[in-house]
Structure formats: C-alpha cells, structure tokens
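Undergrad: Quick one: the structure is below, questions incoming.
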Amino acid sequence: MKIARKKRGRIFKELRIYFIVILLLAVLGAAFHAVLRQALLKNFQEVGTALARSYVSEESNNLTVYETLLNFGAESINVRVEEGLSADEIEEFLGVYYERLQTVLGEGTVDPYAVLDGRIIAANPWEGDTTYDFTSTDWYQSALAADGKAIFTNAYIDSITGNPVITIAQKCSRTTDAVLAFDIFPENFQIHGNAVSLPEGASFYVCDGAGTLLYAQSEVSHNREELQAYMDTILPDIRSGVLDKYDAYVEDLTGQRRTVYYYNMSNGWIGVITVPFDTVLEQLNWFSMLVGLVMLLCLAGILVFAWRDLKLYAQVERTNETVRVLGNTYYALYRIDYQAETYEMIKGSDFVRGKIPQKGPYSLLLDATSQVIEEKTFREFRKSFSTESIRELVSKRVRDFGGDFLRRFGDEYRWVSVRVLFDESLALEEVVLCFREVDQEKQRQLRERELLENALENARHSEKTKHAFFNNMSHDMRTPLNAILGISELVRQHADDPDKVRGYMEKIYYSSRQLLDLVNDILDMSRMEQGKVILNNQTFDLRQCIEECTATFRLQADAEKKHFHVDYALHSSTVLGDASRFGQVMNNLLSNAFKFTSEGDSVSVSVKQFEDKTYSQYQIIVKDTGIGMSEEFLKHIFEPYARETTFCSKQVVGTGLGMPIVKNLVTQMSGQIHVDSALGKGTTFTITVPFTVVREEKKAAVSGKEQDQRGAFSLNGKCILLAEDNMVNMEIATEILSMNGLEIIQAWNGKEALDKFRDSHPFQIDAVLMDMQMPQMDGCEAARQIRSLARPDAKTVPIIAVTANAFAEDIAATTAAGMDAHVSKPIDFQILCKTLEELTMKKKQ
C-alpha cells in the first residue's frame, strides 16, 4: 500500500509540473501570437509589394512589345522617306505593315494608323477620317513634342467608336509631321505566364495616370463600372500614403477586409494587388492551432508517462531493427578507433572473415583489403584511409568521405563504394568504415558516359563543319562589302564626273546583289537548324554583369563561412556580347568553386582587360582553395558526364554537364578556357574572351606639336606591291592609295606577287599589301616565299595582310607566315595608311 501511495504521489507531483508548463505555454503562445501577427503583416507587405512589382514588370514588358513594333514601323517610314519613296509607296508599305501587326499581335488587339502628308492612313478606315481634326488631339501633340520617342496617353473616350481607348504614338524623326500610332483597347490588356502566382483570393488591377481602370484580374465577377468605383476609393488612399502602413486595409465590394499593395510604372500607370486579410494571416491561424495541439500533446503526455519505460524498450528494439535493415545495404561494416589504430568487425565479407579476427590492429584489415584491390588503387586507398588521414578528416568535421573503386570478387572485378562516416553519437575517437557494392549503378553510368562521348564527338564534327562554313562566309561577305564601301568613297570624291559615277554605281549594285544573296543563304541555313544555341550579342556592362552573378554567391559565402572576393582591372567595361550566356559561364564556374570548397576555404574572381588595336581580350580567373582534382581527371573535365573517381570528402551530385557547357559557350564566344588543379590544393579556371569595346565617339583637336610630328613623314613616292584577285577591290585600293601619293605595282594572285617582288630591285618596294585567298598561291604562302628569298630586303619589307577573314586563328596564321600587320575588309584606308606609315618608319629606324 505504501509503495502504491508513493507511486501515486509521484504521479500527482509530475502532473502539477506539467500543468505549470501548460500555463507557461499558454502565456508564451499569446505573446508569440501578437508578435507573429505583426511580423506576418510586415513580411507580407514586402512580399505583396514585390509581387505587384513583378506583375507590373510583366505589363511593362507587354507595353515594350507595342513600343518595339511602333518603333520599327516609324523607322521603316524614315528609311522610305530618305530613299525618296512617294506617299503612295509608303502607304502601300503601311498596308503590309498593318497586316503583319495583326499576325504578330492577333486580330483586333490594336488599331494602327499613321499621319502622313496631313492625312490619316488607317488599317481600319472609319467614316469621317478625312475630316477628323487629329492635329488638336493629345496623342498627336504629345508625339510631336516627344520628337521620336513613343508616348502613351491615358484612357479616353474615342470620338469615333465612343469606347475607352489608349493611344501609343511616335513621331517619325526624319520627317516634319509624320506620326505612327496604335489604339489599344483596355479589354485587350492581359497578363500571361507570370512566374509568381497571386495568393489565394487576391486581385490585380492596372490603372492609368488619371486613375482609369485598364485591367482587372479578380476571382469575384464585377462589371467595369463597379470596379472603377472601387478603384476610385483606393487610389486616393494610396497617393496620400494611408495604405503604406503594414496593417492598413480597405473593404472590397463585398465588405471583405483586404490589404493593398501597389507599384508605380515608369509611364505613370499603377499596378494594385489586394489580398484578403484572412489569407495574409493564414499562417497565424496555423500557429494558433499548433500551439493548441502542443498543449493537448503535453496533456496526453501526462497521462501516458507511466508507460514510458515499457514503450522505450520497445522503441529501442524497433530502432535496432531499422539499423540492421540499413546495415544490410553494406556487405562490410567496421568501427575504427583511429587513436588506438584498431578495428572492430561489425559485419565482414566472406573473404575478410576468413583472413582476420573480429577485432585487431587496423593494419591487419588494410593488409587483407590489399589482396582484393588492384595495386595502383590500393596505394591510393591506403593513403586516403590511413589513421592519419581519418584523424585529419575528423578534425575538419568531415562527416562523409569516400569514393568508388574496383574490387575482386572471386575471378571478377566489380565496383564498390567505400565510405568513412563520422558522427558525435559514436564513441570518442571512432568512425565507421563501410563497403557497398555499386557495380550495376556504375556500369550504367559508364554506358551512359560512352553514349554521351559518342554524341559529343558527333557534335564536335558538326562544330568543325560549321566553323569552316563561317570562315568561308566571312570572306565572301567582306569582299563585296569592301567593294561597296570603297566605291562609295570614290563616288563622293568624283561626284562631278557622271561617267565615273555611273560606272561606280554599277559596281556598287553588283556587289550589293552579291551581298544580298549571301545574307539570304545564311538566313535560310539558320532556319534549317534546330536546337542551336545562338549568341544574342548586345551592348552590356561587363562589370555589372559579373557583380550580378557574384551577388548570390556572396550570400552563400557568408552562410558557409567561406572567403569570397572579386578584383577588377578594367579600362572599358561596356562591351558587345551575350550577357546572358556570359552570366551562365560565370554561374557554372562559381557554383563548382563553392560546391568543392569547405568552411574556411576561399574563392576569388579576378577580371583583367588586355588592349589590342582592333578588339580587347578580357581574362576572367575563378580560383578556389578547395579539394581540387586529380591529374587524370583533368584530361576529361570537359567531357560530358565526366566525374572525379578518386576519393573525396562528399558524394558529388550532378549531371557532369557543367564544364562541357562552359567550354561550348566560351568556344562560341571565340574564347579559350584553361584549368589548373591538384588534389588538396584547389582549382583555377582561366577564360579569355574577346569582346568588342563600345566607346563613345570623341572628337579631340590635334595639337600643333602632334601635327608637326605627323607631318615629318610622308607616303609620297613610296612603292607598294598590291596583291588582290578581285578586280573591283584592286581598282578601289589602287586609286585611293595613288591619291595618297603611292606608286602601285599590281599583282592578281600570290604567285604573281612573289614573282614581281623577286624581279624588283632591292629596296624598290617599300611595303606589300597581301590578300589571303587568291588563286595559284594564297597570301600566307606568298608571304613565306618572299621572306625566304635570298635578297637583303626580303626579311625586312613590311607585309600587311588585307583579308576578309577576321577570326583569331586567321590573324595567328598571318603572323606565323611572317606578316607584320593585319587589316580586315572592309578596309578603313585611314588605318591602312597609318599602318603603312608606322611600318615604313619602323623599317627606316
């Protein structure tokens, strides 16, 4: 009886403690409820504003489509006006342009029309348009005032249809009063495909600068008049700042309380999102339910604690069963005391159990393992899983370390995964060494890799073919371009000679037709290719692009306690290229750097610019102090699905396509990539990419001293050997060079150039202008032959490559052939003359 009373006393004592705990939980729950409500409302205010910005940005993108199509039409009118086309011809173009608008935007989305020569040319003519006084309209006056920029009007009632309409208009900048305009009806405004969905029960509205409702997305159906009245009550509170408070709300048309978030568009419009208060505080309700559930669980715990010990035993037994099931996935398990250098066999293979006892020195286990592992692999195995290595891994808090290797089972070798597992739940100075057979998985990976390697080889072959195509096409396109630009300059200089101008124009027409055919061939080829990555080269800020790429990784570095810094050495950061693809390259490299580094390691990015006469080379170095890569793996790093098979600190998850993608993109950018790495010493990726620098044109007066220095040398009387197989290009170059006081010796192929130089007197020829692709003998071979002649000026005479091939390998080929400079077609004759001047002066020195 006494024992029973004592037991009941302990029970009641425990119950009092639990009741006190429940009371404390109730007080804390109420306090947390108030704090969480405030935090949720403030957080949702930020989320709602960001959501409004996202939806408004999408609507801005839709308006940008209209602006782009409008700008294209205005520019097309400008071009036709400059070409001297008649009003009827321009009107005919507008008819085609209106039809294409309907195809692109959809039937009836916009109503396009233009003002030309004081009259309206409409896609959908209306009765009375000939007498319509457009000159007094807001859209026409605003378009004239904007002088070539697109303008948006607020919604207004169309005088023709009597319906609300918004007009976007743009003045054709090269005419006095021509204006192109679209009428957009508010019912055609739509939001499609936004990546972020609205919260449950939320509504989205778009109003113009005057507060007129343009677009509404709501689960509750209301007519436009009701919604306009609703917005008329919300917008004043938005403008006055009343709704900027985190707990501010309005009542909708059904009397439901709603929070309001908004974002102003650049054209004066505003996007508004309203969310039911219940949706915002939904998480708070869940929290209240959770607190109540916890209290109920505590109460239930009071009732069942008496059976705790019995249940604990059953739970421990079930846990042991679960551990045994997990252990069966490994054919061998050992507990290693790395301090005492001993092992304990928890589970062993048939082979090892027959070789060593249940416990013993760790060296016995290693010796037994050596009998089933290849000698080369075992040397690495012994080094990676020695007690010294395990001790170092534990000191660095590496919880999972290992890799795959081939192990002999009887007469065959199969793939095995070995792991060293560390956890604080183990005894002090102990780890678990486990072995699992992964042969089927590994064989499947190897087969997949083989298939992908074959696919990559086919892709490489296709790339070579494509590269040869573009090499030839570059030459064929630059040749007529050179003729067009050169003869155009001659037309300007001989405008008073009709016969010459007529001949020049015929040559320009011929070369232009040739160029048009080439362009059409290229476009047709492009349409036939499927799945091809095309670089979208546009002007962008290289530094800003890198900053945007590294911003996310700065946060990751802070979270993972890694050192991360970026250095710049740039002269010009505004370049022409594909910012998106370049960002993809940077993201891949940085992602790998952070993936294979641990706490305390460092990752750095260095950006440098190397100047050149025609373009700039940019070098980007991504360096880390992580685990590095083996020398063997470096040979395959750019192969698809390649993986490091040596032992590492963690299992790597991924497809193995990151580096092949980087290699492909850098190659398409005409760049190069190089990698240096060693196990345990980190990895350095160096990419070098040529970008065209975009600079503003600057006019600077040349000082009198510079003019005196420039005047100290003259090309007058110099003799130039000109090798060119194109008759038009020969005529242009000969005439323009002759105008600069040069004496010209013409050669129509590389063989003739070599013969004429050989037959000339020593030092008679001051320089050689050499085309690359010529019959009988190309330019590089002719240059090599000239350099090998046994005469005193053969080694020193300046040879300039004048070619339509502007690729890096072509420039390298001219240098290897002994040429001194490279000038691309179309030829800038000022640069050519300056180059001739510099080389001939250098020769005299």
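Lettering and numbering for the structure tokens are positional, with chains as A, B, ... in the shown order, residues counted from 1 in each chain, and ligands counted from 1 in the shown order.
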For Lys681 in chain A, find every residue with an atom within 6 Å (counting only C-alpha atoms), except residues of its own chain fewer than 3 positions away, and show them as a list in words.

TA: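 Returned residues: Thr625, Gly628 and Ala678 of chain A.
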
Undergrad: Would you list the contacts of Val372 in chain A as a list in words, taking every protein, DNA or RNA residue within 8 Å and counting only C-alpha atoms, but skipping same-chain residues closer than 5 positions in sequence?

TA: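 After dropping sequence-adjacent residues, the list is Arg407, Arg408 and Phe409 of chain A.
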
Undergrad: Interatomic distance between CA of Ala782 in chain A and CA of Gly750 in chain A?

TA: 5.2 Å

Undergrad: Looking at only C-alpha atoms, which of A:Asp337, A:Asp558, A:Asp183, A:Glu59 is the one that sits closest to Ala114 in chain A?

TA: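 Looking at the shortest contact to Ala114 in chain A, the residue is A:Asp183.
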
Undergrad: Mind listing the alpha helix (DSSP H) residues of range 389-426 of chain A, per DSSP on the backbone, as an NGL selection string?

TA: :A and (389-395)

Undergrad: Deliver the residues from the most recent selection as a file, using C-alpha atoms, as a CSV table (one decimal), in the first residue's frame.

TA:
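This went into selection.csv:
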```csv
chain,number,residue,atom,x,y,z
A,389,SER,CA,44.0,10.7,-42.9
A,390,ILE,CA,41.0,9.7,-40.8
A,391,ARG,CA,42.2,11.8,-37.9
A,392,GLU,CA,42.6,14.8,-40.2
A,393,LEU,CA,39.1,14.3,-41.6
A,394,VAL,CA,37.6,14.2,-38.1
A,395,SER,CA,39.5,17.3,-37.0
```

Undergrad: Step one, run DSSP on the backbone; step two, keep only residues of range 677-781 of chain A assigned to strand (DSSP E or B); then write them as an mmCIF file with N, CA, C and O atoms, in the first residue's frame.

TA:
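Dumped to part09.cif:
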```
data_model
loop_
_atom_site.group_PDB
_atom_site.id
_atom_site.type_symbol
_atom_site.label_atom_id
_atom_site.label_comp_id
_atom_site.auth_asym_id
_atom_site.auth_seq_id
_atom_site.Cartn_x
_atom_site.Cartn_y
_atom_site.Cartn_z
ATOM 1 N N SER A 677 44.721 22.447 -61.567
ATOM 2 C CA SER A 677 44.194 21.899 -60.320
ATOM 3 C C SER A 677 45.095 20.778 -59.821
ATOM 4 O O SER A 677 45.829 20.153 -60.596
ATOM 5 N N ALA A 678 45.041 20.558 -58.520
ATOM 6 C CA ALA A 678 45.739 19.445 -57.889
ATOM 7 C C ALA A 678 44.945 19.055 -56.662
ATOM 8 O O ALA A 678 44.337 19.909 -55.993
ATOM 9 N N GLY A 682 43.235 22.965 -54.504
ATOM 10 C CA GLY A 682 42.298 23.875 -55.143
ATOM 11 C C GLY A 682 42.351 23.837 -56.651
ATOM 12 O O GLY A 682 43.109 23.071 -57.263
ATOM 13 N N THR A 683 41.542 24.693 -57.277
ATOM 14 C CA THR A 683 41.364 24.712 -58.731
ATOM 15 C C THR A 683 41.333 26.154 -59.223
ATOM 16 O O THR A 683 40.791 27.033 -58.555
ATOM 17 N N THR A 684 41.931 26.387 -60.394
ATOM 18 C CA THR A 684 41.909 27.708 -61.025
ATOM 19 C C THR A 684 41.431 27.570 -62.457
ATOM 20 O O THR A 684 42.028 26.845 -63.253
ATOM 21 N N PHE A 685 40.331 28.247 -62.793
ATOM 22 C CA PHE A 685 39.829 28.311 -64.163
ATOM 23 C C PHE A 685 40.179 29.676 -64.744
ATOM 24 O O PHE A 685 39.921 30.702 -64.121
ATOM 25 N N THR A 686 40.771 29.683 -65.934
ATOM 26 C CA THR A 686 41.123 30.928 -66.612
ATOM 27 C C THR A 686 40.450 30.931 -67.974
ATOM 28 O O THR A 686 40.679 30.058 -68.797
ATOM 29 N N ILE A 687 39.581 31.908 -68.191
ATOM 30 C CA ILE A 687 38.947 32.043 -69.505
ATOM 31 C C ILE A 687 39.366 33.376 -70.110
ATOM 32 O O ILE A 687 39.490 34.378 -69.412
ATOM 33 N N THR A 688 39.617 33.358 -71.401
ATOM 34 C CA THR A 688 39.987 34.559 -72.143
ATOM 35 C C THR A 688 39.001 34.723 -73.292
ATOM 36 O O THR A 688 38.871 33.833 -74.134
ATOM 37 N N VAL A 689 38.290 35.848 -73.296
ATOM 38 C CA VAL A 689 37.226 36.077 -74.273
ATOM 39 C C VAL A 689 37.450 37.423 -74.950
ATOM 40 O O VAL A 689 37.695 38.425 -74.279
ATOM 41 N N PRO A 690 37.402 37.474 -76.299
ATOM 42 C CA PRO A 690 37.498 38.765 -76.983
ATOM 43 C C PRO A 690 36.134 39.437 -77.064
ATOM 44 O O PRO A 690 35.167 38.836 -77.515
ATOM 45 N N PHE A 691 36.064 40.668 -76.589
ATOM 46 C CA PHE A 691 34.844 41.454 -76.685
ATOM 47 C C PHE A 691 35.126 42.745 -77.454
ATOM 48 O O PHE A 691 36.198 43.351 -77.296
ATOM 49 N N THR A 692 34.184 43.167 -78.252
ATOM 50 C CA THR A 692 34.275 44.464 -78.909
ATOM 51 C C THR A 692 33.913 45.542 -77.898
ATOM 52 O O THR A 692 32.850 45.515 -77.296
ATOM 53 N N VAL A 693 34.831 46.482 -77.690
ATOM 54 C CA VAL A 693 34.597 47.557 -76.731
ATOM 55 C C VAL A 693 33.699 48.609 -77.369
ATOM 56 O O VAL A 693 33.926 49.035 -78.505
ATOM 57 N N CYS A 719 56.635 53.007 -102.864
ATOM 58 C CA CYS A 719 56.216 51.985 -103.825
ATOM 59 C C CYS A 719 55.578 50.825 -103.081
ATOM 60 O O CYS A 719 56.194 50.254 -102.167
ATOM 61 N N ILE A 720 54.350 50.501 -103.479
ATOM 62 C CA ILE A 720 53.594 49.441 -102.798
ATOM 63 C C ILE A 720 53.281 48.332 -103.790
ATOM 64 O O ILE A 720 52.810 48.579 -104.902
ATOM 65 N N LEU A 721 53.565 47.089 -103.372
ATOM 66 C CA LEU A 721 53.165 45.915 -104.144
ATOM 67 C C LEU A 721 51.796 45.481 -103.629
ATOM 68 O O LEU A 721 51.641 45.085 -102.465
ATOM 69 N N LEU A 722 50.749 45.584 -104.467
ATOM 70 C CA LEU A 722 49.377 45.292 -104.084
ATOM 71 C C LEU A 722 48.939 43.967 -104.706
ATOM 72 O O LEU A 722 48.832 43.851 -105.928
ATOM 73 N N ALA A 723 48.679 42.941 -103.862
ATOM 74 C CA ALA A 723 48.237 41.621 -104.331
ATOM 75 C C ALA A 723 46.751 41.470 -104.017
ATOM 76 O O ALA A 723 46.367 41.410 -102.851
ATOM 77 N N GLU A 743 53.055 54.815 -105.250
ATOM 78 C CA GLU A 743 53.218 54.159 -106.544
ATOM 79 C C GLU A 743 52.809 52.693 -106.381
ATOM 80 O O GLU A 743 53.270 52.024 -105.454
ATOM 81 N N ILE A 744 51.936 52.201 -107.244
ATOM 82 C CA ILE A 744 51.343 50.876 -107.068
ATOM 83 C C ILE A 744 51.856 49.905 -108.128
ATOM 84 O O ILE A 744 51.876 50.221 -109.325
ATOM 85 N N ILE A 745 52.273 48.708 -107.650
ATOM 86 C CA ILE A 745 52.584 47.583 -108.532
ATOM 87 C C ILE A 745 51.500 46.538 -108.289
ATOM 88 O O ILE A 745 51.362 46.033 -107.179
ATOM 89 N N GLN A 746 50.729 46.203 -109.313
ATOM 90 C CA GLN A 746 49.601 45.289 -109.141
ATOM 91 C C GLN A 746 50.010 43.838 -109.386
ATOM 92 O O GLN A 746 50.784 43.541 -110.308
ATOM 93 N N ALA A 747 49.463 42.956 -108.533
ATOM 94 C CA ALA A 747 49.648 41.507 -108.691
ATOM 95 C C ALA A 747 48.295 40.851 -108.452
ATOM 96 O O ALA A 747 47.638 41.137 -107.444
ATOM 97 N N ALA A 767 56.584 48.380 -99.232
ATOM 98 C CA ALA A 767 55.648 47.572 -98.446
ATOM 99 C C ALA A 767 54.832 46.697 -99.392
ATOM 100 O O ALA A 767 54.697 46.990 -100.581
ATOM 101 N N VAL A 768 54.252 45.596 -98.827
ATOM 102 C CA VAL A 768 53.433 44.656 -99.596
ATOM 103 C C VAL A 768 52.069 44.558 -98.920
ATOM 104 O O VAL A 768 51.979 44.317 -97.712
ATOM 105 N N LEU A 769 50.997 44.798 -99.708
ATOM 106 C CA LEU A 769 49.630 44.574 -99.238
ATOM 107 C C LEU A 769 49.157 43.254 -99.835
ATOM 108 O O LEU A 769 49.018 43.130 -101.046
ATOM 109 N N MET A 770 48.891 42.263 -98.958
ATOM 110 C CA MET A 770 48.686 40.892 -99.415
ATOM 111 C C MET A 770 47.288 40.392 -99.050
ATOM 112 O O MET A 770 46.932 40.300 -97.870
#
```

Undergrad: Pick out the residues sitting within 8 Å of Asn740 in chain A, and hand them over as a PyMOL selection string; count only C-alpha atoms, and ignore anything fewer than 3 positions along from it in its own chain.

TA: chain A and resi 715-716+736-737

Undergrad: Using only C-alpha atoms, determine which residues lie at most 10 Å from range 152-161 of chain A, disregarding the query and same-chain residues fewer than 3 positions distant; provide the list as a VMD selection string.

TA: chain A and resid 63 67 126 to 129 132 138 to 139 142 to 143 164 to 170 181 to 186 207 to 214 267 to 269

Undergrad: Just checking: using only C-alpha atoms, which residue out of A:Thr279, A:Gln785, A:Asn592, A:Gln617 ends up closest to Ser670 in chain A?

TA: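 Under the stated criterion, the closest residue is A:Gln617.
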
Undergrad: For Gly271 in chain A, find every residue with an atom within 6 Å (counting only C-alpha atoms), except residues of its own chain fewer than 6 positions away, and show them as a list in words.

TA: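 These residues fall inside the cut-off: Val56, Tyr205, Val206, Tyr262 and Tyr263 of chain A.
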
Undergrad: Those residues with N, CA and C atoms, as a PDB file, in the first residue's frame please?

TA:
```pdb
ATOM      1  N   VAL A  56       3.607  44.211 -62.487  1.00  0.00           N
ATOM      2  CA  VAL A  56       3.739  45.458 -63.251  1.00  0.00           C
ATOM      3  C   VAL A  56       4.867  45.333 -64.277  1.00  0.00           C
ATOM      4  N   TYR A 205      -5.057  44.818 -60.366  1.00  0.00           N
ATOM      5  CA  TYR A 205      -5.642  45.870 -61.191  1.00  0.00           C
ATOM      6  C   TYR A 205      -4.527  46.739 -61.763  1.00  0.00           C
ATOM      7  N   VAL A 206      -4.767  47.275 -62.959  1.00  0.00           N
ATOM      8  CA  VAL A 206      -3.868  48.241 -63.580  1.00  0.00           C
ATOM      9  C   VAL A 206      -4.689  49.478 -63.943  1.00  0.00           C
ATOM     10  N   TYR A 262       0.955  48.023 -53.973  1.00  0.00           N
ATOM     11  CA  TYR A 262       0.962  48.680 -55.285  1.00  0.00           C
ATOM     12  C   TYR A 262       2.382  48.945 -55.742  1.00  0.00           C
ATOM     13  N   TYR A 263       2.490  49.259 -57.030  1.00  0.00           N
ATOM     14  CA  TYR A 263       3.788  49.641 -57.618  1.00  0.00           C
ATOM     15  C   TYR A 263       3.518  50.550 -58.819  1.00  0.00           C
TER      16      TYR A 263
END
```

Undergrad: Skip Ile786 in chain A itself and residues of its chain fewer than 3 positions away, then list as an MDAnalysis selection string all residues within 9 Å of it, counting only C-alpha atoms.

TA: chainID A and resid 753:754 757:758 781:783 789 794:795

Undergrad: How would the residues just chosen look if you wrote them out with N, CA and C atoms as a CSV table (one decimal), in the first residue's frame?

TA:
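As a result, again_5.csv now contains:
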```
chain,number,residue,atom,x,y,z
A,753,ALA,N,52.5,38.0,-107.2
A,753,ALA,CA,53.1,38.9,-106.2
A,753,ALA,C,54.5,38.4,-105.9
A,754,LEU,N,54.7,37.1,-105.7
A,754,LEU,CA,56.1,36.6,-105.4
A,754,LEU,C,57.0,36.9,-106.6
A,757,PHE,N,57.9,40.7,-106.8
A,757,PHE,CA,58.8,41.1,-105.8
A,757,PHE,C,60.2,40.6,-106.1
A,758,ARG,N,60.3,39.4,-106.6
A,758,ARG,CA,61.6,38.8,-106.9
A,758,ARG,C,62.3,39.6,-108.0
A,781,GLU,N,51.2,31.7,-98.1
A,781,GLU,CA,52.3,31.0,-98.8
A,781,GLU,C,53.2,32.0,-99.5
A,782,ALA,N,52.5,33.0,-100.1
A,782,ALA,CA,53.3,34.0,-100.8
A,782,ALA,C,54.2,34.8,-99.9
A,783,ALA,N,53.7,35.1,-98.7
A,783,ALA,CA,54.5,35.8,-97.7
A,783,ALA,C,55.7,35.0,-97.2
A,789,LEU,N,63.3,34.5,-99.7
A,789,LEU,CA,64.2,34.9,-100.8
A,789,LEU,C,65.6,35.4,-100.3
A,794,ALA,N,64.2,41.1,-98.2
A,794,ALA,CA,63.2,40.1,-98.1
A,794,ALA,C,62.7,39.9,-96.6
A,795,LYS,N,63.7,40.0,-95.7
A,795,LYS,CA,63.3,39.8,-94.3
A,795,LYS,C,62.7,41.1,-93.6
```

Undergrad: When you count only C-alpha atoms, which of these residues is closest to Val797 in chain A: A:Arg414, A:Lys595, A:Arg492, A:Lys842?

TA: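 Nearest candidate to Val797 in chain A out of A:Arg414, A:Lys595, A:Arg492, A:Lys842: A:Lys842.
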